[in-house]
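Have a look at the structure below, then the notes.
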Number of protein chains: 2
Amino acid sequence: MASFYEGPVQRLIDEFGRLPGIGPKSAQRIAYYLLKAAPEDARRLAASIVEVKEKISWCRRCFNIAEGEECAICRDTRRDSTVLCVVEEPRDIVAIERTQEFRGRYHVLQGTISPIEGVGPDQLRIKDLLHRIPEEGVEEVILATNPNTDGEVTAMYLAKVLTPLGLRVTRIASGLPVGGDLEYADEVTLGRALEGRRVVDG
Amino acid sequence: MASFYEGPVQRLIDEFGRLPGIGPKSAQRIAYYLLKAAPEDARRLAASIVEVKEKISWCRRCFNIAEGEECAICRDTRRDSTVLCVVEEPRDIVAIERTQEFRGRYHVLQGTISPIEGVGPDQLRIKDLLHRIPEEGVEEVILATNPNTDGEVTAMYLAKVLTPLGLRVTRIASGLPVGGDLEYADEVTLGRALEGRRVVDG
């Protein structure tokens, strides 16, 4: 598409077009929105981008996002350090925290093993995980990677590495979502739900 | 949704969530992308927002976007000033310029008459349009607002105001899109295509 826009407008469209999930049409729509927006609104957006890059980095312990050296969860001394929940990304921590079911600590792999995208164990935060386990007296590691191909491969790899260390290694359950319908469940999920069935105390 | 994010991350998500077409999930995805992005890439995005607000304003003649007082089209003395194409937004100029069929000038209304959203003729750049017509010796005004309800209402209003000035007032054609299929055309479009039929020189 030839450029019919004045330089700064085209640059703005190009920059937004690089963000995930924003195509050229959306980028153009956002550019017009910003052209019409109050100057202070646009400035605040720009400032929030600069601020996040200046203030936020990775927690040196668990690789969650952190303002400062350690994230809020690692700084919280009331959390149980004997249970460690391994997740793919910081957003997974947000999802688990929302359940209010978990009082242990986390470790963020920052990705999954993915042969297709050429990501092996060395590109993930697995060495850091292995260092933490004896240092923090971890007794159980919960593998909470996503229940998809890459997540399963990563969980299987970690189980193989961690089990010989004499830890309890667990995997989050797969099955029917609560409120879901057997009729509409895919067969893999339903198969997992059957496989993971439990005795009901009656 | 309670905030589980460090302040600057949450602020970034909030700011992106205000942009058109970006929901909370997309905003979160973009925030993670920016957290992982190279600092110079994030800085460039922020700078492009600041730059556009500093350098770009509305062309004082046609209300297109302009770097400086007048837009590139108004500055171009080779453009035919006797034909004026009236559009809703600057992006419509980009669409028409892409056809390379039009060598006249433009006037951007910056919206449409919309009773539902409470926009009347006074909130559009119609007064400025009426000033331009005698000043620039305009002989034909092409009404190129969108062929939807608001665009049609706006075109009808302008036709009523402009025709008494002794101008040629035209409306862009509605009909089947080129490459389209009669079978799949909606009945309104097909009706317009019939209504707008022309004699074919054979």
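Numbering starts fresh at 1 for the residues of each chain in the structure tokens, the chains themselves are lettered A, B, ... in the order given, and ligands are numbered from 1 as they appear.
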Leaving out Leu182 in chain B and any residue of its chain fewer than 6 positions from it, which residues lie within 12 Å of it when counting only C-alpha atoms, given as a list in words?
-> Gly175, Leu176, Val188, Thr189, Leu190, Gly191, Ala193 and Leu194 of chain B
With all heavy atoms retained, write the just-selected residues as a PDB file, in the first residue's frame.
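Final file, selection.pdb:
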ATOM      1  N   GLY B 175     -23.874   0.880  -6.133  1.00  0.00           N
ATOM      2  CA  GLY B 175     -24.223  -0.254  -6.978  1.00  0.00           C
ATOM      3  C   GLY B 175     -23.408  -1.454  -6.607  1.00  0.00           C
ATOM      4  O   GLY B 175     -22.821  -1.498  -5.533  1.00  0.00           O
ATOM      5  N   LEU B 176     -23.387  -2.430  -7.500  1.00  0.00           N
ATOM      6  CA  LEU B 176     -22.645  -3.658  -7.197  1.00  0.00           C
ATOM      7  C   LEU B 176     -21.150  -3.389  -7.240  1.00  0.00           C
ATOM      8  O   LEU B 176     -20.661  -2.746  -8.159  1.00  0.00           O
ATOM      9  CB  LEU B 176     -22.973  -4.734  -8.230  1.00  0.00           C
ATOM     10  CG  LEU B 176     -24.365  -5.327  -8.150  1.00  0.00           C
ATOM     11  CD1 LEU B 176     -24.491  -6.424  -9.207  1.00  0.00           C
ATOM     12  CD2 LEU B 176     -24.618  -5.916  -6.776  1.00  0.00           C
ATOM     13  N   VAL B 188     -30.852  -3.923  -1.211  1.00  0.00           N
ATOM     14  CA  VAL B 188     -30.735  -2.464  -1.282  1.00  0.00           C
ATOM     15  C   VAL B 188     -29.683  -2.074  -2.318  1.00  0.00           C
ATOM     16  O   VAL B 188     -29.907  -1.215  -3.174  1.00  0.00           O
ATOM     17  CB  VAL B 188     -30.384  -1.868   0.107  1.00  0.00           C
ATOM     18  CG1 VAL B 188     -30.290  -0.353   0.009  1.00  0.00           C
ATOM     19  CG2 VAL B 188     -31.421  -2.258   1.143  1.00  0.00           C
ATOM     20  N   THR B 189     -28.528  -2.752  -2.242  1.00  0.00           N
ATOM     21  CA  THR B 189     -27.456  -2.481  -3.204  1.00  0.00           C
ATOM     22  C   THR B 189     -27.927  -2.788  -4.628  1.00  0.00           C
ATOM     23  O   THR B 189     -27.707  -1.995  -5.559  1.00  0.00           O
ATOM     24  CB  THR B 189     -26.213  -3.334  -2.869  1.00  0.00           C
ATOM     25  OG1 THR B 189     -25.788  -2.995  -1.552  1.00  0.00           O
ATOM     26  CG2 THR B 189     -25.075  -3.080  -3.848  1.00  0.00           C
ATOM     27  N   LEU B 190     -28.601  -3.913  -4.794  1.00  0.00           N
ATOM     28  CA  LEU B 190     -29.080  -4.310  -6.113  1.00  0.00           C
ATOM     29  C   LEU B 190     -30.125  -3.305  -6.614  1.00  0.00           C
ATOM     30  O   LEU B 190     -30.121  -2.929  -7.795  1.00  0.00           O
ATOM     31  CB  LEU B 190     -29.652  -5.730  -6.042  1.00  0.00           C
ATOM     32  CG  LEU B 190     -29.804  -6.490  -7.350  1.00  0.00           C
ATOM     33  CD1 LEU B 190     -28.511  -6.486  -8.155  1.00  0.00           C
ATOM     34  CD2 LEU B 190     -30.230  -7.939  -7.080  1.00  0.00           C
ATOM     35  N   GLY B 191     -30.968  -2.841  -5.704  1.00  0.00           N
ATOM     36  CA  GLY B 191     -31.946  -1.819  -6.059  1.00  0.00           C
ATOM     37  C   GLY B 191     -31.266  -0.550  -6.552  1.00  0.00           C
ATOM     38  O   GLY B 191     -31.644   0.026  -7.581  1.00  0.00           O
ATOM     39  N   ALA B 193     -28.285  -0.370  -7.796  1.00  0.00           N
ATOM     40  CA  ALA B 193     -27.590  -0.656  -9.057  1.00  0.00           C
ATOM     41  C   ALA B 193     -28.562  -0.536 -10.232  1.00  0.00           C
ATOM     42  O   ALA B 193     -28.206  -0.026 -11.302  1.00  0.00           O
ATOM     43  CB  ALA B 193     -26.985  -2.051  -9.018  1.00  0.00           C
ATOM     44  N   LEU B 194     -29.819  -0.972 -10.020  1.00  0.00           N
ATOM     45  CA  LEU B 194     -30.840  -0.885 -11.076  1.00  0.00           C
ATOM     46  C   LEU B 194     -31.212   0.577 -11.305  1.00  0.00           C
ATOM     47  O   LEU B 194     -31.283   1.046 -12.446  1.00  0.00           O
ATOM     48  CB  LEU B 194     -32.092  -1.672 -10.661  1.00  0.00           C
ATOM     49  CG  LEU B 194     -31.983  -3.176 -10.853  1.00  0.00           C
ATOM     50  CD1 LEU B 194     -33.158  -3.878 -10.157  1.00  0.00           C
ATOM     51  CD2 LEU B 194     -31.984  -3.509 -12.352  1.00  0.00           C
TER      52      LEU B 194
END
Find the residues around Pro90 in chain A up to 8 Å (only C-alpha atoms counted), leave out those fewer than 5 positions away in its own chain, and share them as an MDAnalysis selection string.
-> chainID A and resid 63:65 108 110
Determine which residues of range 7-198 of chain A receive a DSSP assignment of strand (DSSP E), computed from the backbone, and state them as a PyMOL selection string.
-> chain A and resi 56-58+65-67+80-87+104-108+140-143+168-171
Interface rows for chain B against chain A: nearest pair, Å to one decimal, 7 Å, only C-alpha atoms, as a Markdown table:
| residue | atom | partner | partner_atom | distance |
| --- | --- | --- | --- | --- |
| B:Phe4 | CA | A:Val94 | CA | 6.0 |
| B:Glu6 | CA | A:Glu67 | CA | 6.4 |
| B:Pro8 | CA | A:Val52 | CA | 5.3 |
| B:Val9 | CA | A:Val52 | CA | 6.1 |
| B:Arg11 | CA | A:Ser48 | CA | 6.4 |
| B:Leu12 | CA | A:Ser48 | CA | 5.1 |
| B:Glu15 | CA | A:Leu45 | CA | 5.5 |
| B:Leu19 | CA | A:Ile30 | CA | 6.4 |
| B:Pro20 | CA | A:Ile30 | CA | 6.2 |
| B:Ile30 | CA | A:Pro20 | CA | 6.2 |
| B:Leu35 | CA | A:Lys53 | CA | 6.6 |
| B:Pro39 | CA | A:Lys53 | CA | 6.5 |
| B:Ala42 | CA | A:Ile49 | CA | 6.7 |
| B:Arg43 | CA | A:Val50 | CA | 6.3 |
| B:Leu45 | CA | A:Glu15 | CA | 5.5 |
| B:Ala46 | CA | A:Ala46 | CA | 4.4 |
| B:Ser48 | CA | A:Leu12 | CA | 5.1 |
| B:Ile49 | CA | A:Ala46 | CA | 6.2 |
| B:Val50 | CA | A:Arg43 | CA | 6.3 |
| B:Glu51 | CA | A:Pro8 | CA | 6.5 |
| B:Val52 | CA | A:Pro8 | CA | 5.3 |
| B:Lys53 | CA | A:Pro39 | CA | 6.5 |
| B:Ala66 | CA | A:Glu6 | CA | 6.8 |
| B:Glu67 | CA | A:Glu6 | CA | 6.4 |
| B:Val94 | CA | A:Phe4 | CA | 6.0 |
Name the residues of range 38-189 of chain B that fall into alpha helix (DSSP H) according to DSSP on the backbone, using the chain letters and numbers of this document, as a ChimeraX atom specification.
-> /B:39-55,72-75,90-99,126-135,149-162,187-189
